[in-house]
Amino acid sequence: MDLSQPSQENVEYMIEGIKTKLKMASAAAMQASAFSVNNYEDILDIYEVAMSSERLSISQVEALVSELGRLRKK
């Protein structure tokens with residue numbers, strides 16, 4: 001997948017990848033459609049952090065989830 005171009009499809013792909021990587025118990029509550037392409041760069045940054053670590057600490061997971069919560073459409 002080419003993530004160099006902002007698109008809603010790429011946003012959805014990254015959100016799904018993040019949810020899988022973080023093994024989120026509440027993943028169903030985080031719908032990819034709740035994120036706008038307007039926040040693409042921030043979502044890409046979170047995606048890259050999540051995917052670059054083989055294992056994430058609890059504090060890292062909490063920080064990433066918190067940041068995703070901030071980026072959700074209100």
# chains A, B, ... in the order shown; residues from 1 in each chain; ligands from 1
>>> residues_around(residues="range 57-61 of chain A", least_positions_apart="3", cutoff="12 Å", atoms="only C-alpha atoms", output="ChimeraX atom specification")
/A:18-25,46-47,49-51,53-54,64-68
>>> select_by_dssp(residues="chain A", states="alpha helix (DSSP H)", output="PyMOL selection string")
chain A and resi 8-22+40-52+58-71
>>> residues_around(residues="Glu41 in chain A", least_positions_apart="5", cutoff="12 Å", atoms="only C-alpha atoms", output="number ranges by chain")
A: 3-7, 10-11, 14, 35-36, 46-48, 71
>>> closest_residue(among="A:Lys73, A:Val37, A:Met1, A:Ile43", to="Ile15 in chain A", atoms="only C-alpha atoms")
A:Ile43
>>> atom_distance(atom1="CA of Asn39 in chain A", atom2="CA of Arg72 in chain A")
9.0 Å
>>> closest_residue(among="A:Glu9, A:Asp45, A:Glu62, A:Asp2", to="Ala32 in chain A", atoms="only C-alpha atoms")
A:Glu9
